Amino acid sequence: MRAEGILPIIGSKYDSLTGLYNRETFITEARLLLGARYNIKYSIVCMDISCFKIINDLFHADTGNLILRTAADYFKAKLNPRTAISCRTDADHFVLCVPSDELDMEQIIKDLDTHIQALHISHNILFFAGIYPIEDVHLPIDQMCDRAGMALRRIKGSYLTRYAYYDAKMREQMIEEQLITGNMEAALLENQFTIYLQPIYDPHKDTVASAEALVRWFHPVHGMVSPGKFIPVFERNGFIVRLDRFVWEEACRLQRKRLDEGKSVVPISVNLSRLNFYSLDLPEFLATLLEKYKLEPWMLKLEVTESAYTDNQLQLLDMISTFKELGFPVLMDDFGSGYSSLNMLKDMPLDTLKVDMAFIRELEKSERVAIILKFIVELARELGMSIVVEGVETQAQRDYVASLGDVTIQGYYFSRPLPIKDYEALLDKYLGSEKAD
């Protein structure tokens with residue numbers, strides 16, 4: 001077996017860009033390796049890079065190639081050539097076969113981060129990994145890789161977990177994901193998706209201040225599909241971009257309906273999943289929606305998440321500035337969920353912070369949480385931003401949040417997400433039918 005620590009002569013056995021084995025050679029060599037070392041427990045590791053296609057779109061192809069060669073050089077230097085092998089299968093996909101007791105995934109991820117950061121590319125480039133500890137050495141190598149790939153797909157795009165191990169439950173989840181993916185196009189065409197509205201309440205004025213549009217999926221056979229199941233799948237496969245646009249239009253359609261009926265409206269906030277920020281026509285699409293439904297910009301608030309800030313800060317800031325120029329209010333959703341920073345608040349021209357519900361959940365258990373929440377509210381006020389506190393479910397939580405000043409609340413204490421008909425009834429109860437200015 002050729003030592004992979006030494007750059008081979010490029011030929012049909014090797015990937016021409018990186019010098020690692022190609023997929024076919026890897027399968028052959030992995031089978032030989034497992035057969036020759038039957039007394040050693042091995043793991044298959046599948047790795048790839050977050051948003052690699054976007055990196056190639058934003059930068060010259062040479063930049064993407066440099067990233068791939070850098071990773072390959074690290075694998076050549078890191079892995080023991082006598083006991084481990086590696087390959088590049090295609091695009092940004094790498095596969096390793098490594099003795100399990102030599103596999104330190106934390107260190108590999110850390111080292112890759114260090115090597116890639118040294119390239120000084122102005123984009124957050126992250127490697128993710130799925131690991132299959134080989135239990136049956138007689139399984140086809142392709143099947144082993146598929147299982148590692150299942151683990152990878154469960155966490156790719158996450159900013160909390162960079163690698164995961166395969167287990168039997170993942171196969172069940174993968175089958176469920178395939179059902180979701182197989183039904184998503186028909187669901188959109190057949191209007192199986194709809195929006196629910198969760199009112200946002202002003203405890204000082206005792207009224208509805210705004211609402212958030214949330215998507216729901218009612219399948220004709222399986223009934224209601226949990227957003228917790230289909231949203232992560234759509235974020236991974238990119239369908240979330242089309243679904244978001246459906247939600248935006250439904251929100252605009254509802255606002256126009258109420259105005260035509262002479263009824264009051266409050267702003268409806270809609271989520272902009274981070275993949276939307278790679279659509280260069282995003283501001284134009286939103287502006288066209290306003291024109292189509294003859295709405296004012298304040299009637300549609302745009303919610304972005306903190307995780308979008310970590311992807312490409314300059315692009316996000318430029319997009320938000322464009323939204324502001326068009327008159328859209330911009331909210332930061334899930335503030336404090338793990339990515340917030342004072343630098344972000346300094347740079348981003350936000351109108352509102354939505355404080356993550358994790359703060360409220362810990363409020364009655366921790367004095368420190370109460371202090372932090374009070375600080376966030378005061379900081380936002382000094383920066384000229386309003387505050388929405390999410391996850392308010394009890395009277396005690398409501399009273400504490402109200403004591404912080406001019407703060408609105410969102411949560412089950414006031415209302416769950418409502419079907420359009422019920423939302424309109426609640427809005428009429430609080431606001432009456434006087435037409436908005």
# chains A, B, ... in the order shown; residues from 1 in each chain; ligands from 1

$ select_by_dssp --residues "region 64-256 of chain A" --states "alpha helix (DSSP H)" --output "compact mmCIF listing (two decimals) with N, CA and C atoms, in the first residue's frame"
# COMPACT_ATOMS: atom_id res chain seq x y z
N GLY A 64 -11.49 28.05 -3.77
CA GLY A 64 -12.04 26.76 -3.36
C GLY A 64 -11.01 25.66 -3.47
N ASN A 65 -10.24 25.66 -4.54
CA ASN A 65 -9.21 24.64 -4.72
C ASN A 65 -8.13 24.73 -3.64
N LEU A 66 -7.80 25.96 -3.26
CA LEU A 66 -6.80 26.15 -2.21
C LEU A 66 -7.28 25.56 -0.90
N ILE A 67 -8.55 25.75 -0.59
CA ILE A 67 -9.12 25.18 0.64
C ILE A 67 -9.03 23.67 0.61
N LEU A 68 -9.39 23.07 -0.52
CA LEU A 68 -9.37 21.62 -0.63
C LEU A 68 -7.95 21.06 -0.52
N ARG A 69 -7.00 21.72 -1.16
CA ARG A 69 -5.61 21.24 -1.08
C ARG A 69 -5.06 21.39 0.33
N THR A 70 -5.44 22.46 1.00
CA THR A 70 -4.98 22.68 2.38
C THR A 70 -5.49 21.57 3.29
N ALA A 71 -6.78 21.22 3.15
CA ALA A 71 -7.34 20.13 3.95
C ALA A 71 -6.65 18.81 3.62
N ALA A 72 -6.44 18.56 2.33
CA ALA A 72 -5.79 17.30 1.92
C ALA A 72 -4.37 17.20 2.49
N ASP A 73 -3.63 18.30 2.43
CA ASP A 73 -2.27 18.30 2.97
C ASP A 73 -2.28 18.00 4.47
N TYR A 74 -3.29 18.51 5.15
CA TYR A 74 -3.40 18.23 6.59
C TYR A 74 -3.64 16.73 6.82
N PHE A 75 -4.53 16.12 6.04
CA PHE A 75 -4.81 14.70 6.22
C PHE A 75 -3.56 13.87 5.95
N LYS A 76 -2.80 14.26 4.93
CA LYS A 76 -1.57 13.53 4.62
C LYS A 76 -0.58 13.59 5.79
N ALA A 77 -0.51 14.76 6.41
CA ALA A 77 0.44 14.93 7.51
C ALA A 77 -0.07 14.33 8.82
N LYS A 78 -1.38 14.36 9.00
CA LYS A 78 -1.96 13.94 10.27
C LYS A 78 -2.09 12.43 10.40
N MET A 105 -11.52 13.43 16.93
CA MET A 105 -12.28 14.31 16.05
C MET A 105 -12.20 15.76 16.49
N GLU A 106 -12.20 15.98 17.79
CA GLU A 106 -12.10 17.35 18.31
C GLU A 106 -10.81 18.00 17.80
N GLN A 107 -9.71 17.26 17.87
CA GLN A 107 -8.43 17.82 17.45
C GLN A 107 -8.39 18.03 15.94
N ILE A 108 -8.97 17.09 15.19
CA ILE A 108 -8.97 17.24 13.73
C ILE A 108 -9.75 18.50 13.32
N ILE A 109 -10.92 18.70 13.90
CA ILE A 109 -11.72 19.89 13.60
C ILE A 109 -10.95 21.15 13.98
N LYS A 110 -10.35 21.13 15.16
CA LYS A 110 -9.58 22.29 15.62
C LYS A 110 -8.42 22.59 14.68
N ASP A 111 -7.69 21.54 14.29
CA ASP A 111 -6.54 21.74 13.40
C ASP A 111 -6.98 22.27 12.03
N LEU A 112 -8.07 21.72 11.50
CA LEU A 112 -8.56 22.19 10.21
C LEU A 112 -8.95 23.66 10.29
N ASP A 113 -9.62 24.05 11.36
CA ASP A 113 -9.97 25.45 11.55
C ASP A 113 -8.73 26.33 11.51
N THR A 114 -7.68 25.90 12.21
CA THR A 114 -6.44 26.68 12.26
C THR A 114 -5.81 26.80 10.88
N HIS A 115 -5.74 25.70 10.15
CA HIS A 115 -5.13 25.72 8.82
C HIS A 115 -5.92 26.59 7.84
N ILE A 116 -7.24 26.50 7.89
CA ILE A 116 -8.06 27.27 6.96
C ILE A 116 -8.03 28.75 7.31
N GLN A 117 -8.08 29.06 8.61
CA GLN A 117 -8.02 30.47 9.01
C GLN A 117 -6.71 31.13 8.58
N ILE A 141 -18.07 -1.23 1.58
CA ILE A 141 -17.48 0.05 2.00
C ILE A 141 -18.43 1.21 1.65
N ASP A 142 -19.11 1.12 0.50
CA ASP A 142 -20.07 2.16 0.13
C ASP A 142 -21.15 2.33 1.19
N GLN A 143 -21.61 1.21 1.74
CA GLN A 143 -22.65 1.27 2.76
C GLN A 143 -22.11 1.89 4.05
N MET A 144 -20.87 1.57 4.38
CA MET A 144 -20.25 2.21 5.54
C MET A 144 -20.18 3.73 5.36
N CYS A 145 -19.79 4.15 4.14
CA CYS A 145 -19.70 5.58 3.84
C CYS A 145 -21.08 6.23 3.90
N ASP A 146 -22.09 5.51 3.44
CA ASP A 146 -23.45 6.05 3.50
C ASP A 146 -23.87 6.30 4.94
N ARG A 147 -23.51 5.39 5.84
CA ARG A 147 -23.88 5.56 7.24
C ARG A 147 -23.16 6.74 7.87
N ALA A 148 -21.88 6.89 7.54
CA ALA A 148 -21.16 8.07 8.02
C ALA A 148 -21.78 9.33 7.43
N GLY A 149 -22.20 9.25 6.15
CA GLY A 149 -22.86 10.38 5.51
C GLY A 149 -24.17 10.75 6.17
N MET A 150 -24.91 9.75 6.65
CA MET A 150 -26.14 10.03 7.39
C MET A 150 -25.85 10.87 8.63
N ALA A 151 -24.82 10.47 9.36
CA ALA A 151 -24.44 11.22 10.57
C ALA A 151 -24.04 12.64 10.21
N LEU A 152 -23.31 12.78 9.11
CA LEU A 152 -22.89 14.12 8.67
C LEU A 152 -24.09 14.99 8.34
N ARG A 153 -25.06 14.45 7.63
CA ARG A 153 -26.21 15.25 7.23
C ARG A 153 -27.07 15.69 8.41
N ARG A 154 -26.98 14.96 9.52
CA ARG A 154 -27.77 15.35 10.69
C ARG A 154 -27.28 16.66 11.30
N ILE A 155 -26.01 16.96 11.13
CA ILE A 155 -25.47 18.14 11.85
C ILE A 155 -24.86 19.19 10.92
N ALA A 168 -28.36 3.57 14.95
CA ALA A 168 -29.49 2.98 14.22
C ALA A 168 -30.65 3.95 14.09
N LYS A 169 -30.83 4.83 15.07
CA LYS A 169 -31.94 5.79 15.02
C LYS A 169 -31.79 6.72 13.83
N MET A 170 -30.57 6.96 13.42
CA MET A 170 -30.34 7.86 12.29
C MET A 170 -30.95 7.32 11.00
N ARG A 171 -30.95 6.01 10.87
CA ARG A 171 -31.54 5.42 9.66
C ARG A 171 -33.04 5.72 9.62
N GLU A 172 -33.70 5.62 10.77
CA GLU A 172 -35.12 5.95 10.83
C GLU A 172 -35.34 7.42 10.50
N GLN A 173 -34.48 8.26 11.04
CA GLN A 173 -34.59 9.70 10.77
C GLN A 173 -34.34 10.00 9.30
N MET A 174 -33.42 9.27 8.69
CA MET A 174 -33.11 9.50 7.29
C MET A 174 -34.29 9.10 6.40
N ILE A 175 -34.95 8.01 6.76
CA ILE A 175 -36.13 7.59 6.00
C ILE A 175 -37.21 8.67 6.11
N GLU A 176 -37.38 9.21 7.31
CA GLU A 176 -38.35 10.27 7.51
C GLU A 176 -37.98 11.51 6.70
N GLU A 177 -36.68 11.84 6.67
CA GLU A 177 -36.23 12.98 5.89
C GLU A 177 -36.47 12.78 4.41
N GLN A 178 -36.27 11.57 3.93
CA GLN A 178 -36.51 11.29 2.52
C GLN A 178 -37.99 11.44 2.17
N LEU A 179 -38.87 11.06 3.11
CA LEU A 179 -40.30 11.26 2.89
C LEU A 179 -40.64 12.74 2.81
N ILE A 180 -40.03 13.52 3.67
CA ILE A 180 -40.26 14.97 3.66
C ILE A 180 -39.77 15.57 2.35
N THR A 181 -38.57 15.20 1.96
CA THR A 181 -38.00 15.72 0.72
C THR A 181 -38.83 15.31 -0.49
N GLY A 182 -39.31 14.07 -0.47
CA GLY A 182 -40.08 13.58 -1.60
C GLY A 182 -41.44 14.22 -1.75
N ASN A 183 -41.95 14.81 -0.66
CA ASN A 183 -43.28 15.41 -0.67
C ASN A 183 -43.28 16.94 -0.74
N MET A 184 -42.11 17.56 -0.62
CA MET A 184 -42.09 19.01 -0.44
C MET A 184 -42.58 19.78 -1.67
N GLU A 185 -42.22 19.34 -2.87
CA GLU A 185 -42.63 20.05 -4.08
C GLU A 185 -44.15 20.01 -4.23
N ALA A 186 -44.71 18.82 -4.05
CA ALA A 186 -46.17 18.69 -4.16
C ALA A 186 -46.86 19.50 -3.08
N ALA A 187 -46.29 19.55 -1.90
CA ALA A 187 -46.89 20.29 -0.79
C ALA A 187 -47.01 21.77 -1.13
N LEU A 188 -45.97 22.31 -1.78
CA LEU A 188 -46.00 23.72 -2.14
C LEU A 188 -47.01 23.97 -3.26
N LEU A 189 -47.04 23.10 -4.24
CA LEU A 189 -47.96 23.27 -5.37
C LEU A 189 -49.42 23.07 -4.96
N PRO A 227 -43.00 21.44 12.41
CA PRO A 227 -41.94 22.31 11.85
C PRO A 227 -40.56 21.89 12.31
N GLY A 228 -40.48 21.31 13.51
CA GLY A 228 -39.19 20.85 14.01
C GLY A 228 -38.60 19.74 13.18
N LYS A 229 -39.46 19.06 12.38
CA LYS A 229 -38.97 18.01 11.50
C LYS A 229 -38.65 18.53 10.11
N PHE A 230 -39.54 19.37 9.54
CA PHE A 230 -39.30 19.74 8.14
C PHE A 230 -38.43 20.99 7.97
N ILE A 231 -38.44 21.92 8.91
CA ILE A 231 -37.61 23.12 8.74
C ILE A 231 -36.13 22.78 8.65
N PRO A 232 -35.56 21.96 9.57
CA PRO A 232 -34.13 21.62 9.44
C PRO A 232 -33.80 20.93 8.13
N VAL A 233 -34.71 20.09 7.64
CA VAL A 233 -34.47 19.41 6.36
C VAL A 233 -34.41 20.43 5.23
N PHE A 234 -35.36 21.36 5.23
CA PHE A 234 -35.40 22.38 4.17
C PHE A 234 -34.22 23.33 4.24
N GLU A 235 -33.72 23.57 5.45
CA GLU A 235 -32.53 24.42 5.57
C GLU A 235 -31.31 23.72 5.00
N ARG A 236 -31.27 22.40 5.13
CA ARG A 236 -30.13 21.66 4.59
C ARG A 236 -30.20 21.53 3.07
N ASN A 237 -31.41 21.32 2.53
CA ASN A 237 -31.48 21.08 1.08
C ASN A 237 -31.79 22.33 0.27
N ILE A 240 -35.82 25.82 1.84
CA ILE A 240 -36.28 26.86 2.77
C ILE A 240 -36.39 28.22 2.09
N VAL A 241 -35.57 28.46 1.07
CA VAL A 241 -35.62 29.75 0.36
C VAL A 241 -36.98 29.93 -0.31
N ARG A 242 -37.45 28.89 -0.98
CA ARG A 242 -38.76 28.97 -1.64
C ARG A 242 -39.89 29.02 -0.63
N LEU A 243 -39.74 28.26 0.45
CA LEU A 243 -40.80 28.24 1.47
C LEU A 243 -40.89 29.60 2.16
N ASP A 244 -39.75 30.21 2.44
CA ASP A 244 -39.76 31.55 3.04
C ASP A 244 -40.52 32.54 2.16
N ARG A 245 -40.27 32.48 0.87
CA ARG A 245 -40.93 33.42 -0.03
C ARG A 245 -42.44 33.19 -0.06
N PHE A 246 -42.85 31.94 0.07
CA PHE A 246 -44.27 31.64 0.19
C PHE A 246 -44.85 32.30 1.43
N VAL A 247 -44.16 32.18 2.55
CA VAL A 247 -44.63 32.77 3.81
C VAL A 247 -44.72 34.28 3.70
N TRP A 248 -43.70 34.90 3.11
CA TRP A 248 -43.73 36.36 2.96
C TRP A 248 -44.96 36.81 2.17
N GLU A 249 -45.22 36.09 1.08
CA GLU A 249 -46.35 36.49 0.25
C GLU A 249 -47.68 36.26 0.97
N GLU A 250 -47.80 35.18 1.71
CA GLU A 250 -49.03 34.93 2.47
C GLU A 250 -49.25 36.02 3.51
N ALA A 251 -48.18 36.48 4.15
CA ALA A 251 -48.30 37.56 5.12
C ALA A 251 -48.77 38.85 4.44
N CYS A 252 -48.20 39.14 3.29
CA CYS A 252 -48.62 40.33 2.54
C CYS A 252 -50.08 40.20 2.09
N ARG A 253 -50.45 39.01 1.67
CA ARG A 253 -51.82 38.78 1.21
C ARG A 253 -52.82 39.04 2.35
N LEU A 254 -52.46 38.60 3.56
CA LEU A 254 -53.33 38.82 4.72
C LEU A 254 -53.45 40.31 5.05
N GLN A 255 -52.32 41.02 5.01
CA GLN A 255 -52.37 42.46 5.28
C GLN A 255 -53.26 43.18 4.27
N ARG A 256 -53.12 42.82 3.01
CA ARG A 256 -53.93 43.47 1.97
C ARG A 256 -55.42 43.18 2.16

$ residues_around --residues "region 48-56 of chain A" --least-positions-apart "2" --cutoff "9 Å" --atoms "only C-alpha atoms" --output "list in words"
Cys46, Leu58, Phe59, His60, Ala61, Asp62, Thr63, Gly64, Asn65, Ala91, Asp92, His93, Phe94, Val95, His123, Asn124, Ile125, Leu126, Phe127, Phe128, Ala129, Leu152, Lys156, Gly157 and Tyr278 of chain A

$ write_last_selection --atoms "N, CA and C atoms" --output "PDB file, in the first residue's frame"
ATOM      1  N   CYS A  46     -16.793  10.737   7.139  1.00  0.00           N
ATOM      2  CA  CYS A  46     -17.137  11.565   5.978  1.00  0.00           C
ATOM      3  C   CYS A  46     -17.092  13.021   6.397  1.00  0.00           C
ATOM      4  N   LEU A  58     -18.810  33.042  -4.634  1.00  0.00           N
ATOM      5  CA  LEU A  58     -18.375  34.353  -4.135  1.00  0.00           C
ATOM      6  C   LEU A  58     -16.925  34.657  -4.511  1.00  0.00           C
ATOM      7  N   PHE A  59     -16.110  33.620  -4.572  1.00  0.00           N
ATOM      8  CA  PHE A  59     -14.687  33.809  -4.843  1.00  0.00           C
ATOM      9  C   PHE A  59     -14.315  33.088  -6.142  1.00  0.00           C
ATOM     10  N   HIS A  60     -13.084  33.280  -6.573  1.00  0.00           N
ATOM     11  CA  HIS A  60     -12.589  32.566  -7.746  1.00  0.00           C
ATOM     12  C   HIS A  60     -12.447  31.089  -7.404  1.00  0.00           C
ATOM     13  N   ALA A  61     -12.579  30.236  -8.395  1.00  0.00           N
ATOM     14  CA  ALA A  61     -12.468  28.791  -8.175  1.00  0.00           C
ATOM     15  C   ALA A  61     -11.134  28.422  -7.535  1.00  0.00           C
ATOM     16  N   ASP A  62     -10.104  29.212  -7.789  1.00  0.00           N
ATOM     17  CA  ASP A  62      -8.796  28.931  -7.196  1.00  0.00           C
ATOM     18  C   ASP A  62      -8.863  28.957  -5.670  1.00  0.00           C
ATOM     19  N   THR A  63      -9.750  29.799  -5.122  1.00  0.00           N
ATOM     20  CA  THR A  63      -9.889  29.875  -3.672  1.00  0.00           C
ATOM     21  C   THR A  63     -10.447  28.566  -3.127  1.00  0.00           C
ATOM     22  N   GLY A  64     -11.490  28.049  -3.772  1.00  0.00           N
ATOM     23  CA  GLY A  64     -12.038  26.764  -3.361  1.00  0.00           C
ATOM     24  C   GLY A  64     -11.013  25.658  -3.468  1.00  0.00           C
ATOM     25  N   ASN A  65     -10.243  25.659  -4.539  1.00  0.00           N
ATOM     26  CA  ASN A  65      -9.209  24.638  -4.723  1.00  0.00           C
ATOM     27  C   ASN A  65      -8.135  24.733  -3.643  1.00  0.00           C
ATOM     28  N   ALA A  91     -16.158  17.156  -5.293  1.00  0.00           N
ATOM     29  CA  ALA A  91     -16.414  18.505  -4.742  1.00  0.00           C
ATOM     30  C   ALA A  91     -15.619  18.700  -3.452  1.00  0.00           C
ATOM     31  N   ASP A  92     -16.333  18.958  -2.339  1.00  0.00           N
ATOM     32  CA  ASP A  92     -15.656  19.216  -1.066  1.00  0.00           C
ATOM     33  C   ASP A  92     -15.766  18.030  -0.120  1.00  0.00           C
ATOM     34  N   HIS A  93     -15.972  16.833  -0.636  1.00  0.00           N
ATOM     35  CA  HIS A  93     -16.213  15.653   0.184  1.00  0.00           C
ATOM     36  C   HIS A  93     -14.937  14.831   0.368  1.00  0.00           C
ATOM     37  N   PHE A  94     -14.605  14.599   1.636  1.00  0.00           N
ATOM     38  CA  PHE A  94     -13.455  13.773   1.994  1.00  0.00           C
ATOM     39  C   PHE A  94     -13.945  12.573   2.804  1.00  0.00           C
ATOM     40  N   VAL A  95     -13.272  11.443   2.652  1.00  0.00           N
ATOM     41  CA  VAL A  95     -13.589  10.258   3.454  1.00  0.00           C
ATOM     42  C   VAL A  95     -12.280   9.705   4.019  1.00  0.00           C
ATOM     43  N   HIS A 123     -14.446  34.600   4.719  1.00  0.00           N
ATOM     44  CA  HIS A 123     -15.693  33.848   4.812  1.00  0.00           C
ATOM     45  C   HIS A 123     -15.510  32.798   5.895  1.00  0.00           C
ATOM     46  N   ASN A 124     -16.589  32.536   6.626  1.00  0.00           N
ATOM     47  CA  ASN A 124     -16.514  31.568   7.709  1.00  0.00           C
ATOM     48  C   ASN A 124     -16.583  30.155   7.125  1.00  0.00           C
ATOM     49  N   ILE A 125     -15.458  29.469   7.078  1.00  0.00           N
ATOM     50  CA  ILE A 125     -15.356  28.156   6.441  1.00  0.00           C
ATOM     51  C   ILE A 125     -15.261  27.098   7.535  1.00  0.00           C
ATOM     52  N   LEU A 126     -16.243  26.207   7.566  1.00  0.00           N
ATOM     53  CA  LEU A 126     -16.307  25.213   8.627  1.00  0.00           C
ATOM     54  C   LEU A 126     -16.382  23.803   8.037  1.00  0.00           C
ATOM     55  N   PHE A 127     -15.602  22.877   8.609  1.00  0.00           N
ATOM     56  CA  PHE A 127     -15.694  21.472   8.248  1.00  0.00           C
ATOM     57  C   PHE A 127     -16.655  20.764   9.205  1.00  0.00           C
ATOM     58  N   PHE A 128     -17.446  19.847   8.648  1.00  0.00           N
ATOM     59  CA  PHE A 128     -18.346  19.021   9.442  1.00  0.00           C
ATOM     60  C   PHE A 128     -18.029  17.556   9.143  1.00  0.00           C
ATOM     61  N   ALA A 129     -18.316  16.679  10.112  1.00  0.00           N
ATOM     62  CA  ALA A 129     -17.945  15.270   9.952  1.00  0.00           C
ATOM     63  C   ALA A 129     -19.032  14.353  10.492  1.00  0.00           C
ATOM     64  N   LEU A 152     -23.306  12.785   9.111  1.00  0.00           N
ATOM     65  CA  LEU A 152     -22.891  14.116   8.670  1.00  0.00           C
ATOM     66  C   LEU A 152     -24.089  14.992   8.344  1.00  0.00           C
ATOM     67  N   LYS A 156     -24.778  18.910   9.626  1.00  0.00           N
ATOM     68  CA  LYS A 156     -24.156  19.892   8.741  1.00  0.00           C
ATOM     69  C   LYS A 156     -24.954  21.191   8.762  1.00  0.00           C
ATOM     70  N   GLY A 157     -24.256  22.294   8.919  1.00  0.00           N
ATOM     71  CA  GLY A 157     -24.906  23.593   8.998  1.00  0.00           C
ATOM     72  C   GLY A 157     -25.137  24.045  10.416  1.00  0.00           C
ATOM     73  N   TYR A 278     -27.937  34.729   0.274  1.00  0.00           N
ATOM     74  CA  TYR A 278     -27.128  34.460  -0.908  1.00  0.00           C
ATOM     75  C   TYR A 278     -27.921  34.699  -2.194  1.00  0.00           C
TER      76      TYR A 278
END

$ select_by_dssp --residues "region 113-159 of chain A" --states "strand (DSSP E or B)" --output "PDB file with C-alpha atoms, in the first residue's frame"
ATOM      1  CA  PHE A 127     -15.694  21.472   8.248  1.00  0.00           C
ATOM      2  CA  PHE A 128     -18.346  19.021   9.442  1.00  0.00           C
ATOM      3  CA  ALA A 129     -17.945  15.270   9.952  1.00  0.00           C
ATOM      4  CA  GLY A 130     -20.036  12.148  10.261  1.00  0.00           C
ATOM      5  CA  ILE A 131     -18.493   9.049  11.809  1.00  0.00           C
ATOM      6  CA  TYR A 132     -19.455   5.398  11.425  1.00  0.00           C
ATOM      7  CA  PRO A 133     -17.642   3.100  13.898  1.00  0.00           C
TER       8      PRO A 133
END

$ closest_residue --among "A:Phe239, A:Tyr38, A:Tyr413, A:Phe218" --to "Ile195 (chain A)" --atoms "only C-alpha atoms"
A:Phe218

$ closest_atom_pairs --of "region 304-404 of chain A" --to "region 205-212 of chain A" --cutoff "12 Å" --atoms "only C-alpha atoms" --output "JSON lines"
{"residue": "A:Leu331", "atom": "CA", "partner": "A:Glu212", "partner_atom": "CA", "distance": 11.2}
{"residue": "A:Asp333", "atom": "CA", "partner": "A:Glu212", "partner_atom": "CA", "distance": 11.0}
{"residue": "A:Lys354", "atom": "CA", "partner": "A:Glu212", "partner_atom": "CA", "distance": 11.3}
{"residue": "A:Ser386", "atom": "CA", "partner": "A:Ala209", "partner_atom": "CA", "distance": 11.8}
{"residue": "A:Ile387", "atom": "CA", "partner": "A:Ala209", "partner_atom": "CA", "distance": 11.7}
{"residue": "A:Val388", "atom": "CA", "partner": "A:Ser210", "partner_atom": "CA", "distance": 10.2}
{"residue": "A:Glu390", "atom": "CA", "partner": "A:Glu212", "partner_atom": "CA", "distance": 11.2}
{"residue": "A:Ala402", "atom": "CA", "partner": "A:Lys205", "partner_atom": "CA", "distance": 10.7}

$ write_last_selection --atoms "C-alpha atoms" --output "PDB file, in the first residue's frame"
ATOM      1  CA  LEU A 331     -35.274  42.419  13.799  1.00  0.00           C
ATOM      2  CA  ASP A 333     -34.211  36.904  16.201  1.00  0.00           C
ATOM      3  CA  LYS A 354     -35.886  39.496  20.041  1.00  0.00           C
ATOM      4  CA  SER A 386     -37.014  48.032  20.824  1.00  0.00           C
ATOM      5  CA  ILE A 387     -37.174  44.668  22.600  1.00  0.00           C
ATOM      6  CA  VAL A 388     -39.353  41.597  22.212  1.00  0.00           C
ATOM      7  CA  GLU A 390     -39.777  35.452  23.554  1.00  0.00           C
ATOM      8  CA  ALA A 402     -43.253  44.368  32.021  1.00  0.00           C
TER       9      ALA A 402
END

$ atom_distance --atom1 "CA of Tyr430 (chain A)" --atom2 "CA of Leu259 (chain A)"
16.3 Å

$ closest_residue --among "A:Gln315, A:Ser273, A:Gln397, A:Thr89" --to "Ser122 (chain A)" --atoms "only C-alpha atoms"
A:Gln315

$ residues_around --residues "Arg381 (chain A)" --least-positions-apart "5" --cutoff "12 Å" --atoms "only C-alpha atoms" --output "PyMOL selection string"
chain A and resi 350-353+374-376+386-388+404-407

$ closest_residue --among "A:Leu289, A:Ala380, A:Leu275, A:Val270" --to "Leu302 (chain A)" --atoms "only C-alpha atoms"
A:Val270

$ atom_distance --atom1 "CA of Leu300 (chain A)" --atom2 "CA of Thr194 (chain A)"
17.4 Å

$ atom_distance --atom1 "CA of Val369 (chain A)" --atom2 "CA of Ala213 (chain A)"
28.2 Å

$ residues_around --residues "Ala370 (chain A)" --least-positions-apart "2" --cutoff "12 Å" --atoms "only C-alpha atoms" --output "count of residues only"
22

$ residues_around --residues "Leu326 (chain A)" --least-positions-apart "2" --cutoff "8 Å" --atoms "only C-alpha atoms" --output "PDB file with C-alpha atoms, in the first residue's frame"
ATOM      1  CA  ALA A 287     -39.883  45.445  -2.639  1.00  0.00           C
ATOM      2  CA  PRO A 297     -42.778  48.861   4.466  1.00  0.00           C
ATOM      3  CA  THR A 322     -30.486  47.875   1.722  1.00  0.00           C
ATOM      4  CA  PHE A 323     -33.565  46.700   3.653  1.00  0.00           C
ATOM      5  CA  LYS A 324     -33.356  49.834   5.789  1.00  0.00           C
ATOM      6  CA  PHE A 328     -38.257  47.704   6.192  1.00  0.00           C
TER       7      PHE A 328
END

$ residues_around --residues "Asp101 (chain A)" --least-positions-apart "6" --cutoff "12 Å" --atoms "only C-alpha atoms" --output "list in words"
Ile40, Lys41, Tyr42, Ser43, Thr83, Ala84 and Pro133 of chain A

$ write_last_selection --atoms "C-alpha atoms" --output "PDB file, in the first residue's frame"
ATOM      1  CA  ILE A  40      -8.209  -3.276  14.934  1.00  0.00           C
ATOM      2  CA  LYS A  41     -11.495  -1.392  15.288  1.00  0.00           C
ATOM      3  CA  TYR A  42     -11.882   1.156  12.480  1.00  0.00           C
ATOM      4  CA  SER A  43     -14.133   4.134  11.805  1.00  0.00           C
ATOM      5  CA  THR A  83      -2.900   2.328   9.506  1.00  0.00           C
ATOM      6  CA  ALA A  84      -5.129   5.008   7.927  1.00  0.00           C
ATOM      7  CA  PRO A 133     -17.642   3.100  13.898  1.00  0.00           C
TER       8      PRO A 133
END

$ residues_around --residues "Asp15 (chain A)" --least-positions-apart "4" --cutoff "10 Å" --atoms "only C-alpha atoms" --output "PyMOL selection string"
chain A and resi 10-11+19-23+25+87-90

$ closest_atom_pairs --of "region 145-261 of chain A" --to "region 418-423 of chain A" --cutoff "6 Å" --atoms "only C-alpha atoms" --output "JSON lines"
{"residue": "A:Tyr196", "atom": "CA", "partner": "A:Pro419", "partner_atom": "CA", "distance": 4.7}
{"residue": "A:Leu197", "atom": "CA", "partner": "A:Leu418", "partner_atom": "CA", "distance": 5.1}
{"residue": "A:Gln198", "atom": "CA", "partner": "A:Leu418", "partner_atom": "CA", "distance": 6.0}
